[in-house]
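Report on the following structure.
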Amino acid sequence: MENIIEIEHLNKSFGEVKAVQNLSFHVKEGELFAFLGVNGAGKSTTIHIMCGQLAKDSGSVTIDGCDLDHNVDHIKGELGVVFQNSLLDNALSVYDNLESRAALYGIFGSTFKERLAELAKLLDFEDLLKRPVGKLSGGQRRRIDIARALLHSPKILILDEPTTGLDPQTRKILWNVISDLRENKNLTVFLTTHYMEEAAEADYVVILDSGKISAKGTPLELKNAYTGDFITLYNVSEEDVKSLAIDYTPIRDAFRLFVPNTAKATELILAHPEVFRDFEITKGKMDDVFLAATGKNLTGGMEK
Amino acid sequence: MSTCKALIKRNTKLFFRDKGMFFTSLITPAILLVLYATFLGKVYHDSFAYSLPETLHVSENLIDGCVGSQLISSILAVSCVTVAFCSNMLMVQDRANGSIKDLRIAPVKAYALALSYYTASLISTLIICLTAGGICLAYVAAVGWFMSAADVLLLLLDIILLTLFGTALSSIIHFFLSSQGQISAVGTIVSAGYGFICGAYMPISQFSESVQRVICFLPGTYGTSLIRNHAMRGAFAEMIDQGIPEEVVESIKDSIDCNLYFFDHKVDLPIMYLILGGTITVLITVYILMNKYRKTSSHA
């Protein structure tokens, strides 16, 4: 797979505040890329620069083989963006909104109607076309936002906290659509999210803290590097667990043991087969990775 | 061009869907007409009657028609600009609510966006000002009608030109604004001040000489004079028919700015059209260039 986004030594300051500092990362074509960080970490600044909405101080941004400084219009044509907050016109109907946005990409008349029909079917909003956007529920509006971002069949879909505040069912629908597009259209997805279970599904993750990369890798690499494994042990007494001489936490009907890695877990199990009769091993979670990498918890965007 | 057309459609729809925006714009000329007719009509009438030599007899109907035409010329001259400032809000609203980001995220040319805001605002302002023009003509018909069909057509042309001017001026000023509060402040200042500096509320001839010289450099002044000339031409012709000497009519024209002087040189109507047309062209060009060379924002 080729790199579809290449960012090298990107810097951006607002007065004294260094929003993005020497940021470098690549996104491969067709992958789901997750960009994590608390509010103010520099995620939105980076996205705004990538979209040509914000001038960078230094560094280079190459998207779909084009330098942002020289071919911003081509780049804009290959990006679809779902913003944190819907930016559609509340007073206009879904149809009017999408018609005016499609025109920005040179999509008119029958071509627009065909594309609209495709997207309405895909995102299940055929019955909402005449409704004013301002009267839609959060989930319905999000579907329209995604349709707007996909109108021109972009190669890259940027999702800036797309599922914040949505009910689980709508989140599931959205992720099904995105998975389908990735599978069938090789769509690259650039995601920022506060939901760690979404980040765990990503092909590659970059964790940003105070404008700098604090960790990057696949979820597995990050889990291996920043967290250990957990063994959940059932049907044993606390004395048996104590005899293992490792950290543990009693949970409702079991004990949770922390081990540095899978090899150590295997070693422990083989050394104490009489204790490990009923157990399961799990990797650390992305929340643990985030906490270990930044020293902060990521809960709904709030630093804790 | 199709993109621009689609954006004009969007902007115009948004203007008319926002009932507050539409009625605020529409109410300006309506209030002015009511205020003028109620409080100033009699003052203008008496002042006009006293200014005529006692030896001359002019019919009441002619005086009423003349005063009515002067009133509506003032209202229309002010409305074309103040309504433009009221209706040309979408550009700033899009900036305030973030919708502009959703438009600029696409590879749309800056001039297309700028022209779409300008044209949509022009359409809505024209609809309101031409409606106001119709109401004003009905008022003149009720008090004393002396206009020819050519006068009416030229008056409509003047309204269109002044609307083009007002919309271009408001587009340039609104380019620098980013909130609803700023628009309101600018709208208030323009509504309060423009009528004075364009010679609508008070004839320029009543200002001091130095102020008159400054005002002669403002293109809006010539727009007011054009409207006034075409609204009152029939009444002046009737005065001459009723035996009032041409010198007296000319002095009346001087006193109410139908005759404008640029450093003692009388400015003819074709020159007024040239000044107004040239100003419109320059303002629209400046507005488009400002948008074209707008720097990418330095703030997220």
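Chain identifiers are assigned as A, B, and so on, following the order in which chains appear in the structure tokens; residues are numbered from 1 within each chain, and ligands are numbered from 1 in order of appearance.
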Practice task
Do a neighbour search on Arg131 in chain A at 10 Å with only C-alpha atoms, toss out local chain neighbours closer than 6 positions, and write the hits as a PyMOL selection string.
Solution key: chain A and resi 90-96
Exercise for the section: Enumerate as a PyMOL selection string all residues of range 64-245 of chain A assigned to alpha helix (DSSP H) by DSSP on the backbone, naming them with the chain letters and numbers the document uses. Expected result: chain A and resi 72-78+94-103+109-122+138-150+168-185+196-199+219-226+238-242
Fill in the blank from the handout: One residue among A:Asp253, A:Asp247, A:Glu221, A:Glu99 is nearest to chain B when using only C-alpha atoms, and that residue is A:Glu99
Practice task
Pull out every residue of chain B that has at least one atom within 10 Å of chain A, counting only C-alpha atoms, and report them as a PyMOL selection string.
Solution key: chain B and resi 1-11+13-18+94+97-109+112-113+295-300
Saved selection, atoms kept: C-alpha atoms, as a short mmCIF file (atom, residue, chain, number, x, y, z; two decimals), in the first residue's frame:
data_model
loop_
_atom_site.label_atom_id
_atom_site.label_comp_id
_atom_site.auth_asym_id
_atom_site.auth_seq_id
_atom_site.Cartn_x
_atom_site.Cartn_y
_atom_site.Cartn_z
CA MET B 1 -20.64 29.51 -13.42
CA SER B 2 -23.06 26.70 -12.57
CA THR B 3 -21.45 26.46 -9.13
CA CYS B 4 -21.97 30.17 -8.68
CA LYS B 5 -25.63 29.80 -9.75
CA ALA B 6 -26.17 26.98 -7.25
CA LEU B 7 -24.64 29.08 -4.48
CA ILE B 8 -26.79 32.08 -5.41
CA LYS B 9 -29.83 29.79 -5.18
CA ARG B 10 -28.69 28.59 -1.74
CA ASN B 11 -28.02 32.11 -0.46
CA LYS B 13 -33.29 30.61 -0.28
CA LEU B 14 -31.58 31.13 3.08
CA PHE B 15 -32.44 34.84 2.99
CA PHE B 16 -36.13 34.25 2.33
CA ARG B 17 -36.34 31.31 4.80
CA ASP B 18 -35.10 33.62 7.53
CA ASP B 94 -21.86 31.87 7.45
CA ASN B 97 -21.87 29.79 12.44
CA GLY B 98 -19.03 28.02 10.64
CA SER B 99 -20.93 27.18 7.43
CA ILE B 100 -18.24 28.96 5.44
CA LYS B 101 -15.82 26.16 6.44
CA ASP B 102 -18.12 23.64 4.82
CA LEU B 103 -18.10 25.69 1.61
CA ARG B 104 -14.38 26.44 1.55
CA ILE B 105 -13.50 22.80 2.20
CA ALA B 106 -14.47 22.24 -1.44
CA PRO B 107 -12.35 23.31 -4.43
CA VAL B 108 -14.61 26.27 -5.12
CA LYS B 109 -13.03 29.47 -6.39
CA ALA B 112 -17.46 32.30 -7.16
CA LEU B 113 -18.24 32.37 -3.45
CA LYS B 295 -5.17 34.93 3.31
CA THR B 296 -5.83 31.44 4.58
CA SER B 297 -6.94 31.93 8.15
CA SER B 298 -4.21 31.87 10.74
CA HIS B 299 -6.64 30.69 13.42
CA ALA B 300 -8.40 27.35 13.80
#
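With only C-alpha atoms taken into account, the protein and nucleic acid residues at most 10 Å from Gly195 in chain B (excluding it and anything under 3 positions from it in its own chain) are Ser74, Ile75, Ala77, Val78, Ser79, Val81, Thr82, Val190, Ser191, Ala192, Cys198, Gly199, Ala200, Tyr201, Met202, Gly220, Thr221 and Thr224 of chain B.
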The selected residues should be written to file as a PDB file, in the first residue's frame (atoms: N, CA and C atoms).
ATOM      1  N   SER B  74     -36.052  60.785  -1.573  1.00  0.00           N
ATOM      2  CA  SER B  74     -35.192  60.649  -0.389  1.00  0.00           C
ATOM      3  C   SER B  74     -35.281  59.236   0.178  1.00  0.00           C
ATOM      4  N   ILE B  75     -36.524  58.750   0.277  1.00  0.00           N
ATOM      5  CA  ILE B  75     -36.729  57.407   0.843  1.00  0.00           C
ATOM      6  C   ILE B  75     -36.011  56.348   0.003  1.00  0.00           C
ATOM      7  N   ALA B  77     -33.548  56.717  -2.151  1.00  0.00           N
ATOM      8  CA  ALA B  77     -32.085  56.887  -2.153  1.00  0.00           C
ATOM      9  C   ALA B  77     -31.475  56.270  -0.895  1.00  0.00           C
ATOM     10  N   VAL B  78     -32.134  56.462   0.237  1.00  0.00           N
ATOM     11  CA  VAL B  78     -31.612  55.900   1.498  1.00  0.00           C
ATOM     12  C   VAL B  78     -31.831  54.392   1.540  1.00  0.00           C
ATOM     13  N   SER B  79     -33.034  53.959   1.118  1.00  0.00           N
ATOM     14  CA  SER B  79     -33.387  52.535   1.235  1.00  0.00           C
ATOM     15  C   SER B  79     -32.466  51.630   0.419  1.00  0.00           C
ATOM     16  N   VAL B  81     -29.474  51.709  -0.130  1.00  0.00           N
ATOM     17  CA  VAL B  81     -28.204  51.429   0.543  1.00  0.00           C
ATOM     18  C   VAL B  81     -28.438  50.762   1.908  1.00  0.00           C
ATOM     19  N   THR B  82     -29.382  51.303   2.695  1.00  0.00           N
ATOM     20  CA  THR B  82     -29.570  50.725   4.037  1.00  0.00           C
ATOM     21  C   THR B  82     -30.158  49.311   3.960  1.00  0.00           C
ATOM     22  N   VAL B 190     -24.842  53.035   9.493  1.00  0.00           N
ATOM     23  CA  VAL B 190     -25.181  53.364   8.095  1.00  0.00           C
ATOM     24  C   VAL B 190     -26.587  53.966   8.025  1.00  0.00           C
ATOM     25  N   SER B 191     -27.536  53.335   8.751  1.00  0.00           N
ATOM     26  CA  SER B 191     -28.913  53.845   8.716  1.00  0.00           C
ATOM     27  C   SER B 191     -28.975  55.283   9.222  1.00  0.00           C
ATOM     28  N   ALA B 192     -28.196  55.565  10.270  1.00  0.00           N
ATOM     29  CA  ALA B 192     -28.251  56.906  10.866  1.00  0.00           C
ATOM     30  C   ALA B 192     -27.519  57.928  10.017  1.00  0.00           C
ATOM     31  N   CYS B 198     -25.674  61.536   1.879  1.00  0.00           N
ATOM     32  CA  CYS B 198     -26.047  61.399   0.467  1.00  0.00           C
ATOM     33  C   CYS B 198     -27.038  62.489   0.058  1.00  0.00           C
ATOM     34  N   GLY B 199     -27.387  63.354   0.991  1.00  0.00           N
ATOM     35  CA  GLY B 199     -28.283  64.455   0.651  1.00  0.00           C
ATOM     36  C   GLY B 199     -29.748  64.077   0.654  1.00  0.00           C
ATOM     37  N   ALA B 200     -30.086  62.959   1.303  1.00  0.00           N
ATOM     38  CA  ALA B 200     -31.487  62.541   1.317  1.00  0.00           C
ATOM     39  C   ALA B 200     -32.263  63.205   2.450  1.00  0.00           C
ATOM     40  N   TYR B 201     -31.692  63.241   3.649  1.00  0.00           N
ATOM     41  CA  TYR B 201     -32.403  63.815   4.780  1.00  0.00           C
ATOM     42  C   TYR B 201     -32.424  65.345   4.719  1.00  0.00           C
ATOM     43  N   MET B 202     -31.292  65.905   4.299  1.00  0.00           N
ATOM     44  CA  MET B 202     -31.183  67.366   4.174  1.00  0.00           C
ATOM     45  C   MET B 202     -30.500  67.678   2.861  1.00  0.00           C
ATOM     46  N   GLY B 220     -22.542  58.231  -3.658  1.00  0.00           N
ATOM     47  CA  GLY B 220     -23.952  58.066  -3.305  1.00  0.00           C
ATOM     48  C   GLY B 220     -24.750  59.338  -3.543  1.00  0.00           C
ATOM     49  N   THR B 221     -24.094  60.483  -3.403  1.00  0.00           N
ATOM     50  CA  THR B 221     -24.738  61.779  -3.602  1.00  0.00           C
ATOM     51  C   THR B 221     -25.344  61.875  -5.006  1.00  0.00           C
ATOM     52  N   THR B 224     -28.538  59.835  -5.335  1.00  0.00           N
ATOM     53  CA  THR B 224     -29.697  60.544  -4.780  1.00  0.00           C
ATOM     54  C   THR B 224     -30.198  61.583  -5.777  1.00  0.00           C
TER      55      THR B 224
END
Problem - Thr170 in chain A environment, 10 Å, only C-alpha atoms, sequence neighbours closer than 2 positions dropped, as a PyMOL selection string - result: chain A and resi 138-140+142-143+163+166-168+172-176
Find the residues of range 63-162 of chain B that sit at most 12 Å from range 270-274 of chain B; for each, write down the nearest two atoms and how far apart they are in Å, to one decimal. Count only C-alpha atoms. Sort by chain, then by number going up, and give it as a tab-separated table.
residue	atom	partner	partner_atom	distance
B:Leu154	CA	B:Tyr273	CA	11.0
B:Leu157	CA	B:Tyr273	CA	10.2
B:Asp158	CA	B:Tyr273	CA	8.7
B:Ile160	CA	B:Tyr273	CA	11.8
B:Leu161	CA	B:Tyr273	CA	8.7
B:Leu162	CA	B:Tyr273	CA	10.4
Practice task
Skip range 145-153 of chain B itself and residues of its chain fewer than 3 positions away, then list as a PyMOL selection string all residues within 10 Å of it, counting only C-alpha atoms.
Solution key: chain B and resi 61-62+64-66+68-69+133+137-142+156-159+227+229-238
Export of the given selection (N, CA, C and O atoms) as a short mmCIF file (atom, residue, chain, number, x, y, z; two decimals), in the first residue's frame:
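The result, written out as out_39.cif:
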data_model
loop_
_atom_site.label_atom_id
_atom_site.label_comp_id
_atom_site.auth_asym_id
_atom_site.auth_seq_id
_atom_site.Cartn_x
_atom_site.Cartn_y
_atom_site.Cartn_z
N ASN B 61 -52.27 70.90 -6.05
CA ASN B 61 -51.97 69.56 -6.55
C ASN B 61 -50.51 69.46 -7.01
O ASN B 61 -49.82 68.47 -6.75
N LEU B 62 -50.02 70.52 -7.65
CA LEU B 62 -48.64 70.53 -8.13
C LEU B 62 -47.66 70.58 -6.95
O LEU B 62 -46.65 69.87 -6.94
N ASP B 64 -48.26 69.51 -3.92
CA ASP B 64 -48.30 68.18 -3.28
C ASP B 64 -47.51 67.15 -4.08
O ASP B 64 -46.76 66.33 -3.52
N GLY B 65 -47.67 67.20 -5.41
CA GLY B 65 -46.95 66.25 -6.27
C GLY B 65 -45.45 66.46 -6.18
O GLY B 65 -44.66 65.51 -6.12
N CYS B 66 -45.06 67.72 -6.15
CA CYS B 66 -43.63 68.07 -6.08
C CYS B 66 -43.03 67.61 -4.75
O CYS B 66 -41.97 66.96 -4.72
N GLY B 68 -44.30 65.36 -2.70
CA GLY B 68 -44.38 63.89 -2.65
C GLY B 68 -43.22 63.25 -3.40
O GLY B 68 -42.59 62.29 -2.93
N SER B 69 -42.90 63.81 -4.57
CA SER B 69 -41.80 63.26 -5.37
C SER B 69 -40.47 63.44 -4.65
O SER B 69 -39.59 62.57 -4.69
N GLY B 133 -40.25 50.91 -4.22
CA GLY B 133 -40.43 51.86 -5.33
C GLY B 133 -41.88 51.88 -5.79
O GLY B 133 -42.45 52.95 -6.03
N LEU B 137 -44.38 55.04 -5.67
CA LEU B 137 -45.06 55.57 -6.86
C LEU B 137 -46.56 55.66 -6.61
O LEU B 137 -47.23 56.61 -7.05
N ALA B 138 -47.08 54.66 -5.89
CA ALA B 138 -48.52 54.70 -5.57
C ALA B 138 -48.82 55.91 -4.68
O ALA B 138 -49.85 56.58 -4.84
N TYR B 139 -47.90 56.21 -3.76
CA TYR B 139 -48.07 57.38 -2.88
C TYR B 139 -48.08 58.67 -3.71
O TYR B 139 -48.94 59.54 -3.51
N VAL B 140 -47.15 58.76 -4.65
CA VAL B 140 -47.09 59.96 -5.52
C VAL B 140 -48.38 60.07 -6.34
O VAL B 140 -48.94 61.16 -6.51
N ALA B 141 -48.84 58.93 -6.86
CA ALA B 141 -50.08 58.93 -7.64
C ALA B 141 -51.24 59.45 -6.80
O ALA B 141 -52.14 60.14 -7.30
N ALA B 142 -51.20 59.16 -5.50
CA ALA B 142 -52.29 59.59 -4.61
C ALA B 142 -52.22 61.09 -4.31
O ALA B 142 -53.24 61.74 -4.18
N LEU B 156 -36.60 53.59 -12.07
CA LEU B 156 -36.32 52.17 -11.77
C LEU B 156 -34.85 51.85 -12.06
O LEU B 156 -34.20 51.12 -11.31
N LEU B 157 -34.31 52.43 -13.14
CA LEU B 157 -32.89 52.24 -13.46
C LEU B 157 -32.03 52.80 -12.32
O LEU B 157 -31.04 52.18 -11.90
N ASP B 158 -32.42 53.97 -11.81
CA ASP B 158 -31.66 54.58 -10.71
C ASP B 158 -31.69 53.68 -9.47
O ASP B 158 -30.68 53.54 -8.79
N ILE B 159 -32.87 53.11 -9.21
CA ILE B 159 -32.99 52.20 -8.04
C ILE B 159 -32.04 51.01 -8.22
O ILE B 159 -31.32 50.62 -7.30
N ILE B 227 -32.11 60.00 -8.74
CA ILE B 227 -33.48 59.61 -8.36
C ILE B 227 -34.35 60.87 -8.24
O ILE B 227 -35.48 60.91 -8.73
N ASN B 229 -33.98 63.83 -9.62
CA ASN B 229 -34.23 64.44 -10.93
C ASN B 229 -35.36 63.73 -11.67
O ASN B 229 -36.23 64.37 -12.24
N HIS B 230 -35.32 62.39 -11.64
CA HIS B 230 -36.32 61.65 -12.42
C HIS B 230 -37.68 61.63 -11.72
O HIS B 230 -38.71 61.61 -12.38
N ALA B 231 -37.66 61.67 -10.38
CA ALA B 231 -38.94 61.70 -9.66
C ALA B 231 -39.62 63.06 -9.82
O ALA B 231 -40.85 63.14 -9.85
N MET B 232 -38.83 64.13 -9.96
CA MET B 232 -39.41 65.48 -9.94
C MET B 232 -39.46 66.16 -11.31
O MET B 232 -40.00 67.26 -11.43
N ARG B 233 -38.87 65.52 -12.33
CA ARG B 233 -38.80 66.18 -13.64
C ARG B 233 -40.18 66.61 -14.14
O ARG B 233 -40.38 67.74 -14.61
N GLY B 234 -41.16 65.73 -14.02
CA GLY B 234 -42.52 66.03 -14.48
C GLY B 234 -43.12 67.22 -13.74
O GLY B 234 -43.76 68.09 -14.34
N ALA B 235 -42.87 67.27 -12.42
CA ALA B 235 -43.41 68.37 -11.61
C ALA B 235 -42.78 69.70 -12.03
O ALA B 235 -43.48 70.73 -12.14
N PHE B 236 -41.46 69.68 -12.29
CA PHE B 236 -40.79 70.91 -12.72
C PHE B 236 -41.32 71.36 -14.09
O PHE B 236 -41.53 72.55 -14.33
N ALA B 237 -41.54 70.39 -14.98
CA ALA B 237 -42.07 70.72 -16.32
C ALA B 237 -43.46 71.36 -16.19
O ALA B 237 -43.78 72.33 -16.88
N GLU B 238 -44.24 70.82 -15.27
CA GLU B 238 -45.58 71.35 -15.05
C GLU B 238 -45.53 72.78 -14.50
O GLU B 238 -46.33 73.63 -14.85
#
Exercise for the section: Identify, on the basis of only C-alpha atoms, every residue whose closest approach to Ser179 in chain A does not exceed 10 Å; exclude the query and any residue fewer than 6 positions from it along the same chain; express the result as an MDAnalysis selection string. Expected result: chainID A and resid 32 173 185:187 189
Those same residues - N, CA, C and O atoms - I'd like them written as an mmCIF file, in the first residue's frame.
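Ended up saving to out36.cif:
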data_model
loop_
_atom_site.group_PDB
_atom_site.id
_atom_site.type_symbol
_atom_site.label_atom_id
_atom_site.label_comp_id
_atom_site.auth_asym_id
_atom_site.auth_seq_id
_atom_site.Cartn_x
_atom_site.Cartn_y
_atom_site.Cartn_z
ATOM 1 N N LEU A 32 -7.615 2.504 7.990
ATOM 2 C CA LEU A 32 -8.335 3.302 8.975
ATOM 3 C C LEU A 32 -7.305 3.819 9.956
ATOM 4 O O LEU A 32 -6.664 3.054 10.676
ATOM 5 N N ILE A 173 -24.578 1.780 12.729
ATOM 6 C CA ILE A 173 -24.956 1.979 11.314
ATOM 7 C C ILE A 173 -23.833 2.719 10.579
ATOM 8 O O ILE A 173 -23.410 2.333 9.487
ATOM 9 N N LYS A 185 -14.615 0.380 -1.864
ATOM 10 C CA LYS A 185 -14.088 1.547 -2.607
ATOM 11 C C LYS A 185 -12.662 1.890 -2.201
ATOM 12 O O LYS A 185 -12.129 2.925 -2.640
ATOM 13 N N ASN A 186 -12.068 1.094 -1.344
ATOM 14 C CA ASN A 186 -10.706 1.345 -0.862
ATOM 15 C C ASN A 186 -10.577 2.746 -0.250
ATOM 16 O O ASN A 186 -9.564 3.441 -0.436
ATOM 17 N N LEU A 187 -11.619 3.178 0.436
ATOM 18 C CA LEU A 187 -11.633 4.503 1.050
ATOM 19 C C LEU A 187 -10.661 4.551 2.229
ATOM 20 O O LEU A 187 -10.631 3.643 3.050
ATOM 21 N N VAL A 189 -9.698 6.209 5.703
ATOM 22 C CA VAL A 189 -10.458 6.931 6.740
ATOM 23 C C VAL A 189 -9.489 7.489 7.778
ATOM 24 O O VAL A 189 -8.665 6.765 8.343
#
Problem - Point-to-point distance in Å for CA of Ile156 in chain A and CA of Phe33 in chain A - result: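 For CA of Phe33 in chain A relative to CA of Ile156 in chain A, the distance reads 10.6 Å.
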Practice task
Find the residues near Ile231 in chain A: any atom within 8 Å, counting only C-alpha atoms, skip ones fewer than 2 places away on the same chain, and give them as a VMD selection string.
Solution key: chain A and resid 229 233 256 to 259 265 279 to 282
Write the residues of the preceding selection, restricted to C-alpha atoms, as a PDB file, in the first residue's frame.
ATOM      1  CA  ASP A 229      -1.640  -8.552  29.560  1.00  0.00           C
ATOM      2  CA  LEU A 233      -8.646 -16.287  36.882  1.00  0.00           C
ATOM      3  CA  ARG A 256      -7.583 -10.071  37.593  1.00  0.00           C
ATOM      4  CA  LEU A 257      -3.822 -10.554  37.389  1.00  0.00           C
ATOM      5  CA  PHE A 258      -1.484  -8.121  35.666  1.00  0.00           C
ATOM      6  CA  VAL A 259       1.489  -9.556  33.750  1.00  0.00           C
ATOM      7  CA  ALA A 265       1.694 -15.063  31.261  1.00  0.00           C
ATOM      8  CA  PHE A 279      -8.811 -18.530  33.013  1.00  0.00           C
ATOM      9  CA  GLU A 280      -8.615 -16.105  30.077  1.00  0.00           C
ATOM     10  CA  ILE A 281      -5.838 -13.814  28.825  1.00  0.00           C
ATOM     11  CA  THR A 282      -6.600 -10.390  27.399  1.00  0.00           C
TER      12      THR A 282
END
Exercise for the section: Using only C-alpha atoms, pick whichever of A:Ile63, A:Gly211, A:Arg115, A:Gly295 has the shortest atom-to-atom distance to Asn11 in chain A. Expected result: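 Comparing A:Ile63, A:Gly211, A:Arg115, A:Gly295 against Asn11 in chain A, the winner is A:Gly211.
Of the residues listed (A:Leu208, A:Ile158, A:Leu268, A:Leu36), A:Leu36 shows the shortest atom-to-atom separation from Met196 in chain A; distances use only C-alpha atoms.
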